[in-house]
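What's in entry_9.pdb: PDB, C-alpha atoms
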```pdb
ATOM      1  CA  MET G   1     -27.530 -23.719  -3.946
ATOM      2  CA  GLY G   2     -25.431 -26.674  -5.037
ATOM      3  CA  TYR G   3     -26.739 -30.137  -5.840
ATOM      4  CA  ILE G   4     -30.057 -31.108  -4.237
ATOM      5  CA  PHE G   5     -30.740 -34.821  -3.897
ATOM      6  CA  ASP G   6     -33.839 -35.981  -5.771
ATOM      7  CA  PHE G   7     -36.137 -38.878  -4.889
ATOM      8  CA  ASN G   8     -33.895 -41.536  -6.467
ATOM      9  CA  ASP G   9     -30.786 -40.101  -4.785
ATOM     10  CA  ALA G  10     -32.472 -40.144  -1.378
ATOM     11  CA  LYS G  11     -33.671 -43.709  -1.856
ATOM     12  CA  ALA G  12     -30.216 -44.871  -2.982
ATOM     13  CA  CYS G  13     -28.581 -43.128  -0.037
ATOM     14  CA  GLU G  14     -30.836 -44.849   2.484
ATOM     15  CA  GLU G  15     -30.324 -48.214   0.792
ATOM     16  CA  TRP G  16     -26.549 -47.713   0.965
ATOM     17  CA  PHE G  17     -26.673 -47.195   4.739
ATOM     18  CA  ASN G  18     -28.843 -50.254   5.216
ATOM     19  CA  LYS G  19     -26.345 -52.629   3.582
ATOM     20  CA  PRO G  20     -24.287 -54.513   6.213
ATOM     21  CA  ARG G  21     -20.981 -54.027   4.373
ATOM     22  CA  ASN G  22     -21.479 -50.262   4.432
ATOM     23  CA  ARG G  23     -22.479 -50.105   8.089
ATOM     24  CA  PHE G  24     -18.867 -50.759   9.074
ATOM     25  CA  ALA G  25     -17.679 -47.578   7.366
ATOM     26  CA  ALA G  26     -20.666 -45.549   8.572
ATOM     27  CA  ASP G  27     -20.082 -46.631  12.180
ATOM     28  CA  LEU G  28     -16.395 -45.672  11.943
ATOM     29  CA  GLU G  29     -17.362 -42.211  10.732
ATOM     30  CA  SER G  30     -19.912 -41.736  13.523
ATOM     31  CA  ARG G  31     -17.448 -42.895  16.193
ATOM     32  CA  LEU G  32     -14.819 -40.524  14.868
ATOM     33  CA  MET G  33     -17.272 -37.623  15.007
ATOM     34  CA  ILE G  34     -18.161 -38.324  18.645
ATOM     35  CA  ASP G  35     -14.559 -39.048  19.685
ATOM     36  CA  ILE G  36     -13.055 -35.781  18.455
ATOM     37  CA  LEU G  37     -16.075 -33.515  18.938
ATOM     38  CA  GLU G  38     -16.481 -34.676  22.556
ATOM     39  CA  PRO G  39     -20.016 -33.262  22.867
ATOM     40  CA  MET G  40     -21.497 -32.620  26.284
ATOM     41  CA  LYS G  41     -24.902 -33.968  27.215
ATOM     42  CA  ALA G  42     -27.866 -31.586  26.897
ATOM     43  CA  LYS G  43     -25.939 -29.170  24.666
ATOM     44  CA  THR G  44     -27.442 -28.038  21.351
ATOM     45  CA  VAL G  45     -26.221 -29.172  17.949
ATOM     46  CA  LEU G  46     -27.134 -28.237  14.380
ATOM     47  CA  ASP G  47     -26.592 -30.869  11.690
ATOM     48  CA  ILE G  48     -26.179 -28.873   8.466
ATOM     49  CA  GLY G  49     -27.150 -30.992   5.480
ATOM     50  CA  CYS G  50     -28.564 -33.692   7.734
ATOM     51  CA  GLY G  51     -29.672 -35.890   4.824
ATOM     52  CA  THR G  52     -31.556 -38.978   5.955
ATOM     53  CA  GLY G  53     -30.505 -38.450   9.579
ATOM     54  CA  ALA G  54     -27.596 -40.896   9.735
ATOM     55  CA  SER G  55     -25.360 -38.419  11.588
ATOM     56  CA  LEU G  56     -28.129 -37.244  13.889
ATOM     57  CA  LEU G  57     -28.706 -40.614  15.529
ATOM     58  CA  PRO G  58     -25.324 -40.847  17.346
ATOM     59  CA  LEU G  59     -25.747 -37.234  18.489
ATOM     60  CA  LEU G  60     -29.149 -38.047  19.956
ATOM     61  CA  GLU G  61     -27.694 -41.092  21.689
ATOM     62  CA  MET G  62     -25.195 -38.747  23.380
ATOM     63  CA  GLY G  63     -28.102 -36.796  24.866
ATOM     64  CA  LEU G  64     -27.823 -33.703  22.689
ATOM     65  CA  GLN G  65     -30.684 -31.425  21.661
ATOM     66  CA  ALA G  66     -30.541 -31.775  17.892
ATOM     67  CA  THR G  67     -31.688 -29.631  14.999
ATOM     68  CA  GLY G  68     -31.330 -30.681  11.379
ATOM     69  CA  ILE G  69     -31.463 -28.636   8.198
ATOM     70  CA  GLU G  70     -31.515 -30.091   4.678
ATOM     71  CA  PRO G  71     -32.400 -28.683   1.228
ATOM     72  CA  SER G  72     -33.819 -31.941  -0.180
ATOM     73  CA  PRO G  73     -37.461 -32.605   0.791
ATOM     74  CA  TYR G  74     -36.995 -36.294  -0.030
ATOM     75  CA  MET G  75     -34.057 -36.656   2.331
ATOM     76  CA  LEU G  76     -35.994 -34.793   5.019
ATOM     77  CA  ASP G  77     -38.975 -37.134   4.659
ATOM     78  CA  ILE G  78     -36.775 -40.155   5.337
ATOM     79  CA  ALA G  79     -35.105 -38.447   8.303
ATOM     80  CA  LYS G  80     -38.442 -37.455   9.808
ATOM     81  CA  ASN G  81     -39.810 -40.982   9.428
ATOM     82  CA  LYS G  82     -36.773 -42.391  11.249
ATOM     83  CA  LEU G  83     -36.339 -39.834  14.013
ATOM     84  CA  GLY G  84     -39.763 -38.225  14.363
ATOM     85  CA  ASP G  85     -40.065 -35.357  16.820
ATOM     86  CA  ARG G  86     -36.727 -36.145  18.483
ATOM     87  CA  VAL G  87     -35.177 -33.618  16.078
ATOM     88  CA  ASP G  88     -36.284 -30.133  15.079
ATOM     89  CA  PHE G  89     -36.138 -30.314  11.267
ATOM     90  CA  HIS G  90     -35.887 -27.397   8.849
ATOM     91  CA  ARG G  91     -35.616 -27.158   5.080
ATOM     92  CA  GLY G  92     -32.881 -24.759   4.009
ATOM     93  CA  PHE G  93     -29.407 -24.282   2.598
ATOM     94  CA  ALA G  94     -25.994 -24.423   4.235
ATOM     95  CA  GLU G  95     -24.971 -21.100   2.696
ATOM     96  CA  ASP G  96     -27.938 -19.232   4.230
ATOM     97  CA  LEU G  97     -28.900 -20.644   7.609
ATOM     98  CA  PRO G  98     -32.154 -19.272   9.124
ATOM     99  CA  PHE G  99     -30.724 -19.051  12.650
ATOM    100  CA  GLU G 100     -29.346 -16.269  14.832
ATOM    101  CA  ASP G 101     -25.667 -15.887  15.659
ATOM    102  CA  ASN G 102     -24.370 -18.313  18.309
ATOM    103  CA  SER G 103     -27.628 -20.266  18.326
ATOM    104  CA  PHE G 104     -26.005 -23.682  18.902
ATOM    105  CA  ASN G 105     -23.141 -25.103  20.931
ATOM    106  CA  TYR G 106     -22.044 -27.264  18.010
ATOM    107  CA  ALA G 107     -22.511 -27.318  14.252
ATOM    108  CA  CYS G 108     -21.807 -30.387  12.111
ATOM    109  CA  LEU G 109     -21.360 -30.697   8.373
ATOM    110  CA  VAL G 110     -21.029 -34.373   7.439
ATOM    111  CA  THR G 111     -20.517 -34.953   3.691
ATOM    112  CA  THR G 112     -22.282 -31.640   3.130
ATOM    113  CA  LEU G 113     -19.545 -29.378   1.798
ATOM    114  CA  GLU G 114     -19.096 -31.772  -1.138
ATOM    115  CA  PHE G 115     -22.467 -30.790  -2.611
ATOM    116  CA  VAL G 116     -22.917 -27.091  -1.798
ATOM    117  CA  ASP G 117     -22.399 -24.353  -4.359
ATOM    118  CA  ASP G 118     -20.115 -22.217  -2.177
ATOM    119  CA  HIS G 119     -18.340 -24.283   0.473
ATOM    120  CA  ARG G 120     -16.589 -21.257   1.975
ATOM    121  CA  GLN G 121     -19.908 -19.476   2.530
ATOM    122  CA  ALA G 122     -21.237 -22.646   4.163
ATOM    123  CA  LEU G 123     -18.240 -22.656   6.506
ATOM    124  CA  GLU G 124     -18.793 -18.998   7.377
ATOM    125  CA  GLU G 125     -22.425 -19.702   8.207
ATOM    126  CA  ALA G 126     -21.477 -22.650  10.419
ATOM    127  CA  CYS G 127     -18.963 -20.444  12.244
ATOM    128  CA  ARG G 128     -21.647 -17.823  12.696
ATOM    129  CA  VAL G 129     -24.339 -20.011  14.280
ATOM    130  CA  ALA G 130     -22.025 -22.149  16.459
ATOM    131  CA  LYS G 131     -20.436 -20.862  19.640
ATOM    132  CA  ASP G 132     -18.260 -23.775  20.837
ATOM    133  CA  LYS G 133     -17.148 -26.230  18.143
ATOM    134  CA  ILE G 134     -17.666 -27.203  14.517
ATOM    135  CA  PHE G 135     -17.295 -30.722  13.151
ATOM    136  CA  LEU G 136     -16.440 -31.156   9.474
ATOM    137  CA  GLY G 137     -16.711 -34.617   7.925
ATOM    138  CA  VAL G 138     -15.583 -34.750   4.300
ATOM    139  CA  LEU G 139     -14.547 -37.198   1.593
ATOM    140  CA  ASN G 140     -10.781 -37.165   1.268
ATOM    141  CA  ARG G 141      -9.405 -36.108  -2.099
ATOM    142  CA  TYR G 142      -6.180 -38.063  -1.580
ATOM    143  CA  ALA G 143      -7.649 -41.335  -0.330
ATOM    144  CA  ILE G 144      -7.517 -44.442  -2.504
ATOM    145  CA  LYS G 145     -11.294 -44.757  -2.169
ATOM    146  CA  GLY G 146     -11.765 -41.134  -3.171
ATOM    147  CA  ILE G 147      -9.705 -41.614  -6.308
ATOM    148  CA  GLN G 148     -11.682 -44.764  -7.148
ATOM    149  CA  ARG G 149     -14.961 -42.891  -6.787
ATOM    150  CA  ARG G 150     -13.843 -40.074  -9.080
ATOM    151  CA  VAL G 151     -12.522 -42.456 -11.725
ATOM    152  CA  LYS G 152     -15.705 -44.540 -11.571
ATOM    153  CA  GLY G 153     -17.742 -41.383 -12.108
ATOM    154  CA  VAL G 154     -16.057 -40.850 -15.443
ATOM    155  CA  PHE G 155     -17.621 -44.052 -16.811
ATOM    156  CA  ILE G 156     -20.760 -44.552 -14.731
ATOM    157  CA  LYS G 157     -23.395 -42.064 -13.594
ATOM    158  CA  SER G 158     -22.913 -41.583  -9.877
ATOM    159  CA  ILE G 159     -23.800 -39.148  -7.118
ATOM    160  CA  TYR G 160     -20.083 -38.514  -6.799
ATOM    161  CA  ASN G 161     -20.165 -36.829 -10.215
ATOM    162  CA  HIS G 162     -21.706 -33.885  -8.364
ATOM    163  CA  ALA G 163     -19.305 -34.010  -5.404
ATOM    164  CA  ARG G 164     -16.233 -31.968  -4.650
ATOM    165  CA  PHE G 165     -13.580 -33.809  -2.658
ATOM    166  CA  PHE G 166     -11.432 -32.009  -0.064
ATOM    167  CA  SER G 167      -8.019 -32.328   1.511
ATOM    168  CA  ILE G 168      -7.073 -31.692   5.124
ATOM    169  CA  TRP G 169      -4.810 -28.828   4.122
ATOM    170  CA  GLU G 170      -7.480 -27.115   2.031
ATOM    171  CA  LEU G 171      -9.979 -27.249   4.886
ATOM    172  CA  LYS G 172      -7.462 -25.872   7.377
ATOM    173  CA  ASN G 173      -6.631 -22.971   5.070
ATOM    174  CA  ASP G 174     -10.311 -22.146   4.578
ATOM    175  CA  ILE G 175     -10.992 -22.213   8.320
ATOM    176  CA  ARG G 176      -7.988 -20.007   9.080
ATOM    177  CA  SER G 177      -9.069 -17.489   6.470
ATOM    178  CA  ILE G 178     -12.383 -17.186   8.327
ATOM    179  CA  LEU G 179     -11.440 -17.521  12.019
ATOM    180  CA  GLY G 180      -7.756 -16.640  12.122
ATOM    181  CA  ASP G 181      -5.830 -19.461  13.810
ATOM    182  CA  PRO G 182      -8.261 -21.451  15.984
ATOM    183  CA  PRO G 183      -7.417 -24.834  17.541
ATOM    184  CA  ILE G 184      -7.970 -27.548  14.904
ATOM    185  CA  THR G 185      -7.993 -31.312  15.440
ATOM    186  CA  TRP G 186      -8.295 -33.873  12.653
ATOM    187  CA  ARG G 187      -8.202 -37.612  12.081
ATOM    188  CA  THR G 188      -9.157 -39.966   9.260
ATOM    189  CA  VAL G 189     -10.852 -43.362   9.083
ATOM    190  CA  CYS G 190     -11.580 -45.929   6.383
ATOM    191  CA  GLN G 191      -7.897 -46.289   5.625
ATOM    192  CA  LEU G 192      -8.500 -49.710   4.082
ATOM    193  CA  PRO G 193     -10.351 -49.586   0.730
ATOM    194  CA  SER G 194     -12.696 -52.420   1.692
ATOM    195  CA  ALA G 195     -12.660 -54.097   5.074
ATOM    196  CA  SER G 196     -14.737 -55.274   8.019
ATOM    197  CA  GLY G 197     -14.344 -57.486  11.048
ATOM    198  CA  ARG G 198     -12.503 -57.349  14.345
ATOM    199  CA  ILE G 199      -8.977 -56.978  12.955
ATOM    200  CA  ALA G 200      -9.984 -54.180  10.588
ATOM    201  CA  LEU G 201     -11.809 -52.415  13.427
ATOM    202  CA  TYR G 202      -8.711 -52.655  15.628
ATOM    203  CA  ILE G 203      -6.576 -51.108  12.883
ATOM    204  CA  GLU G 204      -9.080 -48.365  12.059
ATOM    205  CA  GLN G 205      -9.492 -47.320  15.699
ATOM    206  CA  SER G 206      -5.757 -46.946  16.285
ATOM    207  CA  ASN G 207      -4.860 -43.337  17.112
ATOM    208  CA  LEU G 208      -1.658 -43.719  15.123
ATOM    209  CA  VAL G 209      -3.453 -44.997  12.026
ATOM    210  CA  GLN G 210      -6.073 -42.270  12.272
ATOM    211  CA  ARG G 211      -3.282 -39.689  12.057
ATOM    212  CA  PHE G 212      -2.507 -40.846   8.527
ATOM    213  CA  PRO G 213      -3.897 -38.172   6.154
ATOM    214  CA  PHE G 214      -5.126 -40.638   3.532
ATOM    215  CA  GLY G 215      -8.249 -42.217   5.035
ATOM    216  CA  ALA G 216     -11.367 -42.008   2.884
ATOM    217  CA  PHE G 217     -13.203 -39.938   5.522
ATOM    218  CA  VAL G 218     -11.688 -36.896   7.210
ATOM    219  CA  GLY G 219     -13.075 -35.709  10.531
ATOM    220  CA  MET G 220     -12.030 -32.239  11.689
ATOM    221  CA  VAL G 221     -13.040 -30.266  14.772
ATOM    222  CA  VAL G 222     -12.605 -26.505  14.972
ATOM    223  CA  THR G 223     -12.798 -24.892  18.401
ATOM    224  CA  ILE G 224     -14.240 -21.424  18.086
ATOM    225  CA  VAL G 225     -12.240 -18.846  20.000
ATOM    226  CA  PRO G 226     -13.941 -15.467  20.520
ATOM    227  CA  ARG G 227     -12.157 -12.600  18.818
ATOM    228  CA  PHE G 228     -12.364  -9.040  20.086
ATOM    229  CA  ARG G 229     -11.842  -5.947  18.026
ATOM    230  CA  THR G 230     -10.245  -3.067  19.877
ATOM    231  CA  ARG G 231      -9.845   0.548  18.911
ATOM    232  CA  PRO G 232      -7.541   3.164  20.394
ATOM    233  CA  LEU G 233      -9.186   5.672  22.698
ATOM    234  CA  SER G 234      -8.190   9.292  22.553
ATOM    235  CA  ILE G 235      -7.174  10.758  25.926
ATOM    236  CA  PRO G 236      -7.914  14.457  26.256
ATOM    237  CA  VAL G 237      -4.947  16.420  27.583
ATOM    238  CA  GLN G 238      -5.269  20.049  28.619
ATOM    239  CA  ALA G 239      -2.206  22.045  27.654
ATOM    240  CA  LYS G 240      -0.765  24.414  30.247
ATOM    241  CA  THR G 241      -0.611  28.100  29.268
ATOM    242  CA  SER G 242       2.105  30.429  30.451
ATOM    243  CA  THR G 243       0.786  33.665  31.977
ATOM    244  CA  GLY G 244       4.005  35.071  33.379
ATOM    245  CA  ALA G 245       5.975  37.851  31.591
ATOM    246  CA  MET G 246       9.385  36.995  30.269
ATOM    247  CA  ALA G 247      12.263  39.031  31.642
ATOM    248  CA  GLY G 248      14.659  40.629  29.101
TER     249      GLY G 248
END
```
Could the structure of this file be written out as structure tokens, please?
Amino acid sequence: MGYIFDFNDAKACEEWFNKPRNRFAADLESRLMIDILEPMKAKTVLDIGCGTGASLLPLLEMGLQATGIEPSPYMLDIAKNKLGDRVDFHRGFAEDLPFEDNSFNYACLVTTLEFVDDHRQALEEACRVAKDKIFLGVLNRYAIKGIQRRVKGVFIKSIYNHARFFSIWELKNDIRSILGDPPITWRTVCQLPSASGRIALYIEQSNLVQRFPFGAFVGMVVTIVPRFRTRPLSIPVQAKTSTGAMAG
């Protein structure tokens, strides 16, 4: 089940997004998601662990049919108040999605794996319900900001005390253990610990810089390739019988 955000967590999360200095980082993460996912208009998307709906808004702006699922009723209330009936909301868990196989074109998990109880089961469920692509957005274990957050959590109570941070290599290994060797694309943003403005935006949007594996936020897209299981077929062969007498 993992960690479920309570009322105070949900309120703090929404307040964090509303602060101007945090909008810069949030916008970078949303742009990265859209840039590498490359969603097509009118396709369906499931936001797993949708929280207060921050990741759903850019998907809606791209013309997608969005569904969100979230275990915290407090987070869902905020998301519903912001987005209304533009999104089909459900309460549920990433490890046990209440949807049929291949129900959505895309599935997104944005800072969701950090708080689930079994991240591999959550990945398997995302692979099950999506038929085209999966977007994974995680907090980078090896980023300067990630290290700062973990150290801060030692001394001060923080939501990050409940979070598990990931690396690019760990995610790739988990995906390959589930899907074999599918096409995987990744980039990172928030390379600078604290920045905003035109120059910082120019640096952060550089394709070269985004290939550095140490940005605070990792975006990864997995393209789902259908796999077929084959089995050998037995071919009946009728043996010829000899009816002639053998001469001595």
Radius query 12 Å about (-16.4, -48.5, 7.5), atoms used: all atoms listed in the file, as JSON, numbers by chain: {"G": [17, 19, 20, 21, 22, 23, 24, 25, 26, 27, 28, 29, 30, 31, 32, 145, 188, 189, 190, 191, 192, 193, 194, 195, 196, 197, 198, 200, 201, 202, 203, 204, 205, 215, 216, 217]}
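Using only C-alpha atoms, the contacts of range 91-108 of chain G at a cut-off of 6 Å, with sequence neighbours closer than 4 positions omitted, comprise Thr44, Val45, Leu46, Asp47, Ile48, Ile69, Glu70, Pro71, Gln121, Ala122, Arg128, Val129, Ala130, Lys131, Asp132, Lys133, Ile134 and Phe135 of chain G.
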Atom pair CA of Lys80 in chain G / CA of Leu113 in chain G: separation (Å):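 Value for the CA of Lys80 in chain G-CA of Leu113 in chain G distance: 22.1 Å.
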Applied to the shown file, which residues does the PyMOL selection byres ((chain G and resi 2) around 8) return, written as a JSON list (two decimals) with C-alpha atoms, keeping the file's coordinate frame?
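Result saved to out-v2.json:
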```
[["chain", "number", "residue", "atom", "x", "y", "z"],
["G", 1, "MET", "CA", -27.53, -23.72, -3.95],
["G", 3, "TYR", "CA", -26.74, -30.14, -5.84],
["G", 4, "ILE", "CA", -30.06, -31.11, -4.24],
["G", 115, "PHE", "CA", -22.47, -30.79, -2.61],
["G", 116, "VAL", "CA", -22.92, -27.09, -1.80],
["G", 117, "ASP", "CA", -22.40, -24.35, -4.36],
["G", 118, "ASP", "CA", -20.11, -22.22, -2.18]]
```
Ground truth for the PyMOL selection byres ((chain G and resi 168-177) around 12), written as a VMD selection string: chain G and resid 113 to 114 118 to 127 134 to 143 165 to 167 178 to 188 211 to 225
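Closest approach to Ala66 in chain G among G:Asp88, G:Gln210, G:Lys11, G:Ala79 is made by G:Asp88 (distances from all atoms listed in the file).
Remark: for Phe7 in chain G, the closest of the candidate residues G:Asp85, G:Glu38, G:Asp77, G:Glu61 is G:Asp77 (distances computed over all atoms listed in the file).
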G:Val110, G:Met62, G:Ala12, G:Ile147 ranked by distance to Lys43 in chain G, top pick (using only C-alpha atoms):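 Counting only C-alpha atoms, the residue closest to Lys43 in chain G is G:Met62.
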Å distance separating CA of Thr111 in chain G from CA of Ala42 in chain G, one decimal place: 24.6 Å
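CA of Leu59 in chain G lies 28.1 Å from CA of Arg149 in chain G.
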Chain and number of each residue from the PyMOL selection byres ((chain G and resi 83) around 10), as JSON, numbers by chain: {"G": [52, 53, 54, 56, 57, 60, 78, 79, 80, 81, 82, 84, 85, 86, 87, 88, 89]}
Where's the centre, and what are the edge lengths in Å to one decimal, of a box along x, y and z enclosing all listed atoms of range 81-95 of chain G padded 3 Å per side, as AutoDock Vina command-line options?
```
--center_x -32.5 --center_y -31.7 --center_z 10.5 --size_x 21.1 --size_y 27.3 --size_z 21.9
```
Minimum-distance residue to Thr112 in chain G, chosen among G:Pro39, G:Pro226, G:Pro236, G:Gly49 (using all atoms listed in the file): G:Gly49
